[in-house]
>>> print(open('run04.cif').read())   # mmCIF, C-alpha atoms
data_start
loop_
_atom_site.label_atom_id
_atom_site.label_comp_id
_atom_site.auth_asym_id
_atom_site.auth_seq_id
_atom_site.Cartn_x
_atom_site.Cartn_y
_atom_site.Cartn_z
CA MET A 1 -3.93 -28.43 -26.00
CA ASP A 2 -2.70 -27.13 -22.66
CA LEU A 3 -1.34 -30.44 -21.35
CA LEU A 4 -0.65 -29.16 -17.83
CA LEU A 5 -4.14 -27.69 -17.50
CA HIS A 6 -5.72 -30.97 -18.60
CA LEU A 7 -3.47 -33.02 -16.30
CA ARG A 8 -4.57 -30.84 -13.37
CA GLY A 9 -8.18 -31.68 -14.21
CA PHE A 10 -7.41 -35.40 -14.41
CA ALA A 11 -5.53 -35.36 -11.06
CA ALA A 12 -8.40 -33.49 -9.39
CA VAL A 13 -10.93 -36.06 -10.63
CA ALA A 14 -8.66 -38.88 -9.41
CA ASP A 15 -8.47 -37.24 -5.98
CA GLU A 16 -12.21 -36.64 -5.67
CA MET A 17 -13.40 -39.66 -7.72
CA SER A 18 -16.11 -37.31 -8.96
CA VAL A 19 -16.12 -34.98 -11.92
CA SER A 20 -18.62 -32.65 -10.28
CA GLU A 21 -16.67 -32.36 -7.03
CA ALA A 22 -13.40 -31.92 -8.90
CA ALA A 23 -14.98 -29.14 -10.95
CA VAL A 24 -15.98 -27.35 -7.74
CA GLU A 25 -12.44 -27.79 -6.38
CA LEU A 26 -10.94 -26.33 -9.56
CA GLY A 27 -13.53 -23.58 -9.86
CA VAL A 28 -14.70 -24.58 -13.34
CA ASP A 29 -17.97 -25.83 -14.82
CA GLN A 30 -18.52 -29.60 -14.84
CA PRO A 31 -19.15 -29.79 -18.63
CA LEU A 32 -15.87 -27.93 -19.25
CA LEU A 33 -13.94 -30.34 -17.04
CA SER A 34 -15.56 -33.31 -18.75
CA ARG A 35 -14.49 -31.95 -22.16
CA ARG A 36 -10.93 -31.51 -20.90
CA LEU A 37 -10.83 -35.13 -19.73
CA ARG A 38 -12.09 -36.36 -23.11
CA ALA A 39 -9.54 -34.19 -24.90
CA LEU A 40 -6.72 -35.57 -22.74
CA GLU A 41 -7.82 -39.14 -23.49
CA ARG A 42 -7.91 -38.40 -27.23
CA GLU A 43 -4.45 -36.84 -27.06
CA LEU A 44 -2.99 -39.85 -25.22
CA GLY A 45 -4.99 -42.42 -27.16
CA VAL A 46 -6.22 -44.22 -24.03
CA GLU A 47 -9.17 -44.14 -21.65
CA LEU A 48 -8.23 -42.84 -18.23
CA LEU A 49 -11.59 -43.22 -16.46
CA ASP A 50 -13.91 -46.22 -16.28
CA ARG A 51 -17.31 -44.61 -16.74
CA SER A 52 -19.25 -47.88 -16.89
CA ARG A 53 -19.76 -47.95 -13.13
CA ARG A 54 -21.91 -45.77 -10.88
CA GLN A 55 -18.69 -44.72 -9.08
CA ILE A 56 -15.95 -43.35 -11.34
CA ALA A 57 -12.76 -45.41 -11.26
CA LEU A 58 -9.38 -45.14 -12.93
CA THR A 59 -8.47 -47.52 -15.72
CA GLN A 60 -5.10 -49.22 -15.72
CA ALA A 61 -3.84 -46.44 -18.00
CA GLY A 62 -5.21 -43.87 -15.57
CA VAL A 63 -3.51 -45.55 -12.61
CA ALA A 64 -0.22 -45.56 -14.53
CA LEU A 65 -0.56 -41.92 -15.57
CA LEU A 66 -1.57 -40.48 -12.18
CA PRO A 67 1.85 -40.42 -10.41
CA ARG A 68 3.51 -39.04 -13.54
CA ALA A 69 0.82 -36.37 -13.86
CA ARG A 70 1.25 -35.35 -10.22
CA HIS A 71 5.01 -35.19 -10.69
CA LEU A 72 4.65 -32.87 -13.68
CA ILE A 73 2.14 -30.69 -11.80
CA ASP A 74 4.48 -30.46 -8.77
CA GLN A 75 7.41 -29.53 -11.01
CA ALA A 76 5.38 -26.84 -12.75
CA ASP A 77 4.16 -25.41 -9.43
CA HIS A 78 7.72 -25.38 -8.11
CA LEU A 79 8.88 -23.55 -11.22
CA LEU A 80 6.16 -20.92 -10.85
CA ARG A 81 6.95 -20.40 -7.17
CA SER A 82 10.65 -20.03 -7.94
CA VAL A 83 10.07 -17.48 -10.69
CA ARG A 84 7.62 -15.48 -8.59
CA ARG A 85 9.92 -15.57 -5.57
CA PHE A 86 12.84 -14.36 -7.70
CA ASP A 87 10.71 -11.57 -9.12
CA ARG A 88 9.62 -10.46 -5.64
CA GLU A 89 13.13 -10.59 -4.17
CA ARG A 90 15.06 -9.03 -6.99
CA PHE A 91 14.38 -5.39 -6.02
CA VAL A 92 16.64 -4.39 -3.15
CA VAL A 93 16.86 -0.94 -1.58
CA ALA A 94 20.17 -0.37 0.23
CA VAL A 95 20.11 2.54 2.66
CA PRO A 96 22.64 4.03 5.09
CA ALA A 97 22.38 3.79 8.85
CA GLY A 98 20.17 6.30 10.62
CA CYS A 99 17.26 6.34 8.17
CA ASP A 100 13.83 7.03 9.66
CA PRO A 101 12.31 3.53 10.19
CA ALA A 102 8.70 4.73 9.99
CA LEU A 103 9.32 6.34 6.60
CA LEU A 104 11.19 3.25 5.40
CA ALA A 105 8.12 1.19 6.31
CA ARG A 106 5.94 3.55 4.26
CA LEU A 107 8.35 3.16 1.34
CA VAL A 108 8.09 -0.64 1.52
CA ALA A 109 4.27 -0.47 1.66
CA LEU A 110 4.13 1.87 -1.34
CA VAL A 111 6.36 -0.33 -3.51
CA GLU A 112 4.61 -3.57 -2.55
CA GLU A 113 1.18 -2.05 -3.24
CA ALA A 114 2.49 -1.46 -6.77
CA GLY A 115 3.10 -5.22 -7.07
CA VAL A 116 6.87 -5.12 -6.56
CA GLY A 117 8.52 -7.21 -3.85
CA VAL A 118 11.13 -5.20 -1.97
CA ARG A 119 13.88 -6.01 0.52
CA LEU A 120 15.75 -3.46 2.61
CA ALA A 121 19.48 -3.80 3.09
CA GLY A 122 22.24 -1.78 4.74
CA ALA A 123 24.37 0.09 2.23
CA GLY A 124 27.45 -1.71 3.54
CA GLU A 125 26.04 -5.20 2.96
CA GLU A 126 27.01 -7.37 0.03
CA MET A 127 24.51 -6.68 -2.72
CA PRO A 128 22.86 -9.50 -4.69
CA ASP A 129 23.14 -9.66 -8.46
CA SER A 130 19.77 -8.02 -8.95
CA ALA A 131 18.07 -4.76 -9.70
CA ALA A 132 18.52 -2.33 -6.83
CA TRP A 133 18.48 1.19 -5.56
CA THR A 134 21.52 2.07 -3.49
CA VAL A 135 21.73 5.31 -1.53
CA GLU A 136 25.35 6.31 -1.08
CA PRO A 137 27.19 9.36 0.31
CA CYS A 138 28.44 11.96 -2.13
CA ASP A 139 29.44 15.59 -2.41
CA PRO A 140 26.42 17.81 -1.61
CA ASP A 141 26.95 19.69 -4.88
CA ALA A 142 26.27 16.48 -6.84
CA ALA A 143 23.63 15.05 -4.51
CA THR A 144 20.12 13.83 -5.12
CA TRP A 145 19.32 14.73 -1.51
CA VAL A 146 21.01 17.18 0.85
CA THR A 147 20.63 17.16 4.63
CA ALA A 148 21.84 19.78 7.08
CA LEU A 149 23.47 18.80 10.37
CA GLY A 150 22.54 20.51 13.62
CA ALA A 151 23.26 20.17 17.34
CA ALA A 152 21.27 17.64 19.39
CA THR A 153 21.03 18.18 23.15
CA ALA A 154 19.30 16.51 26.08
CA PRO A 155 15.48 16.38 26.32
CA GLY A 156 14.11 19.43 28.10
CA THR A 157 16.77 21.82 26.85
CA THR A 158 15.77 24.87 24.82
CA PRO A 159 16.49 24.72 21.08
CA THR A 160 18.53 27.72 19.97
CA ARG A 161 20.14 28.44 16.65
CA ALA A 162 23.87 28.40 17.31
CA SER A 163 27.19 28.18 15.52
CA LEU A 164 29.78 25.44 15.68
CA GLY A 165 31.98 27.96 17.49
CA SER A 166 29.57 28.02 20.42
CA LEU A 167 30.31 24.32 21.02
CA ARG A 168 34.07 24.71 21.36
CA PRO A 169 35.63 24.17 24.79
CA ARG A 170 35.81 27.15 27.14
CA ARG A 171 38.79 27.57 29.42
CA SER A 172 36.63 28.38 32.42
CA THR A 173 34.49 25.25 32.20
CA GLU A 174 34.98 21.55 31.65
CA ALA A 175 34.91 20.67 27.97
CA THR A 176 31.68 19.05 26.81
CA PRO A 177 32.41 16.41 24.16
CA VAL A 178 30.97 17.00 20.72
CA LEU A 179 29.95 13.68 19.21
CA ALA A 180 29.72 12.84 15.53
CA LEU A 181 28.47 9.79 13.66
CA PRO A 182 30.88 7.64 11.62
CA ARG A 183 29.07 8.54 8.39
CA ASP A 184 30.01 12.22 8.82
CA LEU A 185 33.57 11.68 9.98
CA ASP A 186 34.21 9.17 7.17
CA ASP A 187 33.02 11.65 4.53
CA PRO A 188 35.79 11.68 1.86
CA GLY A 189 35.42 15.44 1.60
CA GLY A 190 36.17 15.87 5.30
CA ARG A 191 33.56 18.61 5.60
CA LEU A 192 32.67 18.15 9.26
CA PRO A 193 36.25 17.81 10.61
CA ARG A 194 37.32 20.88 8.63
CA ALA A 195 34.36 22.96 9.77
CA ALA A 196 34.89 21.86 13.38
CA ASP A 197 38.58 22.69 13.22
CA ARG A 198 37.83 26.18 11.90
CA ALA A 199 35.42 26.65 14.82
CA GLY A 200 38.08 25.67 17.33
CA ILE A 201 36.78 22.12 17.95
CA GLY A 202 39.79 19.85 17.73
CA PRO A 203 40.06 16.06 17.49
CA GLY A 204 40.20 15.80 21.28
CA THR A 205 36.68 17.26 21.57
CA LEU A 206 35.07 15.93 18.37
CA ARG A 207 34.56 12.21 18.94
CA ARG A 208 33.29 9.37 16.75
CA THR A 209 30.31 7.52 18.30
CA SER A 210 27.56 5.16 17.14
CA HIS A 211 23.92 6.29 17.07
CA GLN A 212 22.84 4.49 20.23
CA ILE A 213 25.87 5.40 22.36
CA ALA A 214 25.73 9.01 21.21
CA ALA A 215 22.03 9.24 22.12
CA ALA A 216 22.71 7.81 25.58
CA GLU A 217 25.51 10.29 26.22
CA VAL A 218 23.35 13.22 25.11
CA ILE A 219 20.32 12.11 27.14
CA ALA A 220 22.62 11.87 30.17
CA GLY A 221 23.58 15.51 29.56
CA ARG A 222 27.24 14.63 28.99
CA ALA A 223 27.64 15.54 25.32
CA THR A 224 26.27 17.32 22.25
CA LEU A 225 25.67 15.35 19.08
CA LEU A 226 26.04 16.73 15.56
CA CYS A 227 23.40 14.97 13.47
CA ALA A 228 20.36 15.43 11.23
CA ARG A 229 17.01 16.48 12.65
CA HIS A 230 15.33 13.10 12.10
CA GLU A 231 18.16 11.27 13.87
CA ALA A 232 17.76 13.50 16.94
CA GLU A 233 13.99 13.09 16.94
CA THR A 234 14.31 9.29 16.78
CA TYR A 235 15.84 9.36 20.25
CA GLY A 236 13.77 12.23 21.65
CA LEU A 237 16.65 14.72 21.59
CA VAL A 238 16.27 18.47 21.11
CA TRP A 239 17.67 19.51 17.73
CA SER A 240 18.90 23.01 16.92
CA PRO A 241 19.94 24.15 13.44
CA LEU A 242 23.41 25.60 13.04
CA LEU A 243 24.13 29.04 11.64
CA ASP A 244 26.99 27.42 9.74
CA PRO A 245 25.49 24.01 8.90
CA VAL A 246 27.53 21.14 7.57
CA LEU A 247 25.75 19.47 4.67
CA ARG A 248 25.43 15.78 3.95
CA GLY A 249 24.94 14.63 0.40
CA HIS A 250 23.39 11.37 -0.80
CA ARG A 251 22.81 10.17 -4.33
CA LEU A 252 20.77 7.36 -5.82
CA VAL A 253 22.61 4.66 -7.75
CA GLU A 254 20.33 2.45 -9.87
CA GLN A 255 21.15 -1.01 -11.15
CA PRO A 256 18.90 -2.00 -14.07
CA PRO A 257 16.62 -3.61 -14.97
CA LEU A 258 14.09 -1.95 -12.71
CA PRO A 259 10.52 -3.14 -12.15
CA GLY A 260 8.08 -1.26 -14.37
CA PRO A 261 6.42 0.88 -11.67
CA LEU A 262 9.84 2.18 -10.57
CA VAL A 263 11.12 3.15 -14.01
CA ALA A 264 8.91 6.23 -14.27
CA GLY A 265 5.62 7.61 -13.06
CA ALA A 266 3.86 8.42 -9.82
CA VAL A 267 5.06 5.40 -7.83
CA ARG A 268 8.69 6.21 -8.63
CA GLU A 269 8.25 9.86 -7.71
CA GLN A 270 6.56 9.00 -4.41
CA ALA A 271 9.18 6.35 -3.60
CA LEU A 272 12.04 8.77 -4.24
CA ALA A 273 10.36 11.42 -2.11
CA LEU A 274 9.99 8.94 0.75
CA LEU A 275 13.57 7.80 0.33
CA GLY A 276 14.76 11.39 0.62
CA ALA A 277 12.55 11.94 3.65
CA CYS A 278 14.14 8.87 5.26
CA LEU A 279 17.44 10.72 5.01
CA GLY A 280 15.96 13.84 6.54
CA ALA A 281 15.87 15.74 3.26
CA THR A 282 13.67 16.45 0.29
CA GLU A 283 14.69 15.44 -3.22
CA GLY A 284 17.23 17.95 -4.41
CA GLY A 285 16.76 20.00 -1.27
CA VAL A 286 17.85 20.46 2.30
CA GLY A 287 16.13 18.86 5.25
#
>>> encode(input="run04.cif", output="structure tokens")
Amino acid sequence: MDLLLHLRGFAAVADEMSVSEAAVELGVDQPLLSRRLRALERELGVELLDRSRRQIALTQAGVALLPRARHLIDQADHLLRSVRRFDRERFVVAVPAGCDPALLARLVALVEEAGVGVRLAGAGEEMPDSAAWTVEPCDPDAATWVTALGAATAPGTTPTRASLGSLRPRRSTEATPVLALPRDLDDPGGRLPRAADRAGIGPGTLRRTSHQIAAAEVIAGRATLLCARHEAETYGLVWSPLLDPVLRGHRLVEQPPLPGPLVAGAVREQALALLGACLGATEGGVG
């Protein structure tokens, strides 16, 4: 006998003081609920309802059982909520700064439609002890996704394919700062600083700046920002590809166990494609 199921039926009858109304509340047939009550009484060896009256009433045994039954039901419901909440919160996707927010929202919708709860986190945050996808920087040659950097300029300017050398200071004019995001300057491989140095852009011209400050400086026409296309478009900047692009690499680190829909199949493939698009790249390709 499913004791919890039968106790739920008893508690519903005690609340409604009517088997028929309790059956409606529980969404079951009245004869089925009546059989469950009889089965519970046989199991406990006592009568729980006084059926000799026109109005159903609890017996002394029923009155004594009711608070204990409700306590067990509450504990079971709490257990179910806890397990379900853990299951929904255990899948965390950690992404770097600068990801396309609209595409991240589509990723969340896709995963939740597959029945998997998802939480977004910054890649620098402390990760919970749970299954997760973490997107982290890596060498482009070993990357899951590769993104090319270009030059972002003020709205209204004309996009032109240029080289890093065209951004270096000219003696005849005031030097225009070239801004770079921390993610690119902190790259262990030092690809951007090396490429800039070869193009004649020294540390005095290449400056570290956050996304928002860099966008403000570019919009004001006071700087050029080296970034990915999607980062420029987020702030309405004009993005031009470089003849000698610097590549970013990102890889996916997985912490098992993964929810079933994200182990293999169409949902996983679509989620990975969206994750790459959030970075401004296609899986295994250049954005």
>>> resolve_selection(input="run04.cif", expression="the PyMOL selection byres ((chain A and resi 39-52) around 8)", output="CSV table (one decimal) with C-alpha atoms, in the frame of the given file")
chain,number,residue,atom,x,y,z
A,3,LEU,CA,-1.3,-30.4,-21.4
A,6,HIS,CA,-5.7,-31.0,-18.6
A,7,LEU,CA,-3.5,-33.0,-16.3
A,35,ARG,CA,-14.5,-32.0,-22.2
A,36,ARG,CA,-10.9,-31.5,-20.9
A,37,LEU,CA,-10.8,-35.1,-19.7
A,38,ARG,CA,-12.1,-36.4,-23.1
A,53,ARG,CA,-19.8,-48.0,-13.1
A,54,ARG,CA,-21.9,-45.8,-10.9
A,55,GLN,CA,-18.7,-44.7,-9.1
A,56,ILE,CA,-16.0,-43.4,-11.3
A,57,ALA,CA,-12.8,-45.4,-11.3
A,58,LEU,CA,-9.4,-45.1,-12.9
A,59,THR,CA,-8.5,-47.5,-15.7
A,60,GLN,CA,-5.1,-49.2,-15.7
A,61,ALA,CA,-3.8,-46.4,-18.0
A,62,GLY,CA,-5.2,-43.9,-15.6
A,63,VAL,CA,-3.5,-45.6,-12.6
>>> resolve_selection(input="run04.cif", expression="the PyMOL selection byres ((chain A and resi 199-210) around 7)", output="JSON, numbers by chain")
{"A": [164, 165, 168, 177, 178, 179, 180, 181, 182, 195, 196, 197, 198, 211, 212, 213, 214]}
>>> resolve_selection(input="run04.cif", expression="the PyMOL selection byres ((chain A and resi 156) around 10)", output="short mmCIF file (atom, residue, chain, number, x, y, z; two decimals) with C-alpha atoms, in the frame of the given file")
data_model
loop_
_atom_site.label_atom_id
_atom_site.label_comp_id
_atom_site.auth_asym_id
_atom_site.auth_seq_id
_atom_site.Cartn_x
_atom_site.Cartn_y
_atom_site.Cartn_z
CA THR A 153 21.03 18.18 23.15
CA ALA A 154 19.30 16.51 26.08
CA PRO A 155 15.48 16.38 26.32
CA THR A 157 16.77 21.82 26.85
CA THR A 158 15.77 24.87 24.82
CA PRO A 159 16.49 24.72 21.08
CA ILE A 219 20.32 12.11 27.14
CA GLY A 236 13.77 12.23 21.65
CA LEU A 237 16.65 14.72 21.59
CA VAL A 238 16.27 18.47 21.11
#
>>> residues_around(input="run04.cif", residues="Thr234 (chain A)", least_positions_apart="2", cutoff="10 Å", atoms="only C-alpha atoms", output="count of residues only")
12
>>> atom_distance(input="run04.cif", atom1="CA of Leu262 (chain A)", atom2="CA of Arg248 (chain A)")
25.3 Å
>>> closest_residue(input="run04.cif", among="A:Leu167, A:Leu247, A:Val93, A:Leu104", to="Asp139 (chain A)", atoms="all atoms listed in the file")
A:Leu247
>>> closest_residue(input="run04.cif", among="A:Leu4, A:Leu252, A:Cys278, A:Ala271", to="Leu110 (chain A)", atoms="only C-alpha atoms")
A:Ala271
>>> residues_around(input="run04.cif", residues="Gly260 (chain A)", least_positions_apart="3", cutoff="12 Å", atoms="only C-alpha atoms", output="PDB file with C-alpha atoms, in the coordinates of the input")
ATOM      1  CA  ASP A  87      10.710 -11.570  -9.120  1.00  0.00           C
ATOM      2  CA  PHE A  91      14.380  -5.390  -6.020  1.00  0.00           C
ATOM      3  CA  VAL A 111       6.360  -0.330  -3.510  1.00  0.00           C
ATOM      4  CA  ALA A 114       2.490  -1.460  -6.770  1.00  0.00           C
ATOM      5  CA  GLY A 115       3.100  -5.220  -7.070  1.00  0.00           C
ATOM      6  CA  VAL A 116       6.870  -5.120  -6.560  1.00  0.00           C
ATOM      7  CA  ALA A 131      18.070  -4.760  -9.700  1.00  0.00           C
ATOM      8  CA  PRO A 256      18.900  -2.000 -14.070  1.00  0.00           C
ATOM      9  CA  PRO A 257      16.620  -3.610 -14.970  1.00  0.00           C
ATOM     10  CA  VAL A 263      11.120   3.150 -14.010  1.00  0.00           C
ATOM     11  CA  ALA A 264       8.910   6.230 -14.270  1.00  0.00           C
ATOM     12  CA  GLY A 265       5.620   7.610 -13.060  1.00  0.00           C
ATOM     13  CA  ALA A 266       3.860   8.420  -9.820  1.00  0.00           C
ATOM     14  CA  VAL A 267       5.060   5.400  -7.830  1.00  0.00           C
ATOM     15  CA  ARG A 268       8.690   6.210  -8.630  1.00  0.00           C
TER      16      ARG A 268
END
>>> atom_distance(input="run04.cif", atom1="CA of Ala12 (chain A)", atom2="CA of His78 (chain A)")
18.1 Å
>>> atom_distance(input="run04.cif", atom1="CA of His71 (chain A)", atom2="CA of Gly117 (chain A)")
29.0 Å
>>> residues_around(input="run04.cif", residues="Asp74 (chain A)", least_positions_apart="5", cutoff="12 Å", atoms="only C-alpha atoms", output="PDB file with C-alpha atoms, in the frame of the given file")
ATOM      1  CA  LEU A   4      -0.650 -29.160 -17.830  1.00  0.00           C
ATOM      2  CA  LEU A   7      -3.470 -33.020 -16.300  1.00  0.00           C
ATOM      3  CA  ARG A   8      -4.570 -30.840 -13.370  1.00  0.00           C
ATOM      4  CA  ALA A  11      -5.530 -35.360 -11.060  1.00  0.00           C
ATOM      5  CA  PRO A  67       1.850 -40.420 -10.410  1.00  0.00           C
ATOM      6  CA  ARG A  68       3.510 -39.040 -13.540  1.00  0.00           C
ATOM      7  CA  ALA A  69       0.820 -36.370 -13.860  1.00  0.00           C
ATOM      8  CA  LEU A  79       8.880 -23.550 -11.220  1.00  0.00           C
ATOM      9  CA  LEU A  80       6.160 -20.920 -10.850  1.00  0.00           C
ATOM     10  CA  ARG A  81       6.950 -20.400  -7.170  1.00  0.00           C
TER      11      ARG A  81
END
>>> closest_residue(input="run04.cif", among="A:Gln75, A:Ser163, A:Ser20, A:Thr134", to="Val246 (chain A)", atoms="only C-alpha atoms")
A:Ser163
>>> closest_residue(input="run04.cif", among="A:Asp244, A:Glu136, A:Glu113, A:Asp186", to="Ala148 (chain A)", atoms="only C-alpha atoms")
A:Asp244
>>> decode(input="run04.cif", residues="region 32-117 of chain A", atoms="C-alpha atoms", output="CSV table (one decimal), in the first residue's frame")
chain,number,residue,atom,x,y,z
A,32,LEU,CA,-11.5,5.0,-5.6
A,33,LEU,CA,-11.0,7.5,-2.7
A,34,SER,CA,-13.4,5.5,-0.6
A,35,ARG,CA,-11.5,2.3,-1.3
A,36,ARG,CA,-8.3,4.0,-0.3
A,37,LEU,CA,-9.8,5.2,3.0
A,38,ARG,CA,-11.0,1.6,3.8
A,39,ALA,CA,-7.6,0.2,2.9
A,40,LEU,CA,-5.9,2.8,5.2
A,41,GLU,CA,-8.2,1.8,8.1
A,42,ARG,CA,-7.5,-1.9,7.5
A,43,GLU,CA,-3.8,-1.2,7.5
A,44,LEU,CA,-3.9,0.8,10.8
A,45,GLY,CA,-6.5,-1.5,12.4
A,46,VAL,CA,-8.8,1.4,13.4
A,47,GLU,CA,-11.8,3.4,12.0
A,48,LEU,CA,-10.8,6.9,11.0
A,49,LEU,CA,-14.2,8.2,9.9
A,50,ASP,CA,-17.6,8.0,11.7
A,51,ARG,CA,-19.9,7.1,8.9
A,52,SER,CA,-23.0,6.6,11.1
A,53,ARG,CA,-24.0,10.3,10.8
A,54,ARG,CA,-25.3,12.3,7.8
A,55,GLN,CA,-22.2,14.5,8.1
A,56,ILE,CA,-18.9,12.7,8.0
A,57,ALA,CA,-16.9,13.2,11.2
A,58,LEU,CA,-13.5,12.0,12.4
A,59,THR,CA,-13.3,9.3,15.1
A,60,GLN,CA,-10.9,9.7,18.0
A,61,ALA,CA,-8.4,7.7,16.1
A,62,GLY,CA,-8.9,10.0,13.1
A,63,VAL,CA,-8.4,13.1,15.2
A,64,ALA,CA,-5.2,11.6,16.6
A,65,LEU,CA,-3.9,10.6,13.2
A,66,LEU,CA,-4.6,13.8,11.3
A,67,PRO,CA,-1.7,16.1,12.6
A,68,ARG,CA,0.7,13.2,12.2
A,69,ALA,CA,-0.6,12.6,8.6
A,70,ARG,CA,-0.2,16.2,7.7
A,71,HIS,CA,3.3,16.3,9.1
A,72,LEU,CA,4.3,13.3,7.0
A,73,ILE,CA,2.7,14.9,3.9
A,74,ASP,CA,4.5,18.2,4.5
A,75,GLN,CA,7.8,16.4,5.0
A,76,ALA,CA,7.3,14.4,1.8
A,77,ASP,CA,6.4,17.6,-0.2
A,78,HIS,CA,9.4,19.4,1.2
A,79,LEU,CA,11.6,16.5,0.1
A,80,LEU,CA,10.2,16.5,-3.4
A,81,ARG,CA,10.6,20.3,-3.7
A,82,SER,CA,14.2,20.0,-2.5
A,83,VAL,CA,15.1,17.2,-4.9
A,84,ARG,CA,13.5,19.0,-7.9
A,85,ARG,CA,15.1,22.3,-7.0
A,86,PHE,CA,18.5,20.6,-6.8
A,87,ASP,CA,17.9,19.0,-10.1
A,88,ARG,CA,16.9,22.3,-11.8
A,89,GLU,CA,19.9,24.2,-10.3
A,90,ARG,CA,22.6,21.7,-10.8
A,91,PHE,CA,23.4,22.6,-14.4
A,92,VAL,CA,25.4,25.8,-14.5
A,93,VAL,CA,26.8,27.4,-17.7
A,94,ALA,CA,29.8,29.7,-16.9
A,95,VAL,CA,30.6,32.1,-19.7
A,96,PRO,CA,33.2,34.9,-20.1
A,97,ALA,CA,32.4,38.6,-20.2
A,98,GLY,CA,31.2,40.1,-23.5
A,99,CYS,CA,28.9,37.2,-24.6
A,100,ASP,CA,25.9,38.2,-26.7
A,101,PRO,CA,23.0,38.5,-24.1
A,102,ALA,CA,20.3,37.8,-26.7
A,103,LEU,CA,21.9,34.6,-27.7
A,104,LEU,CA,22.5,33.6,-24.1
A,105,ALA,CA,18.8,34.1,-23.5
A,106,ARG,CA,18.1,31.8,-26.5
A,107,LEU,CA,20.5,29.2,-25.0
A,108,VAL,CA,18.6,29.3,-21.7
A,109,ALA,CA,15.2,28.9,-23.4
A,110,LEU,CA,16.5,25.9,-25.4
A,111,VAL,CA,17.9,24.1,-22.4
A,112,GLU,CA,14.8,24.7,-20.2
A,113,GLU,CA,12.5,23.6,-23.0
A,114,ALA,CA,14.3,20.3,-22.8
A,115,GLY,CA,13.4,20.0,-19.1
A,116,VAL,CA,16.8,21.1,-17.7
A,117,GLY,CA,17.0,23.9,-15.3
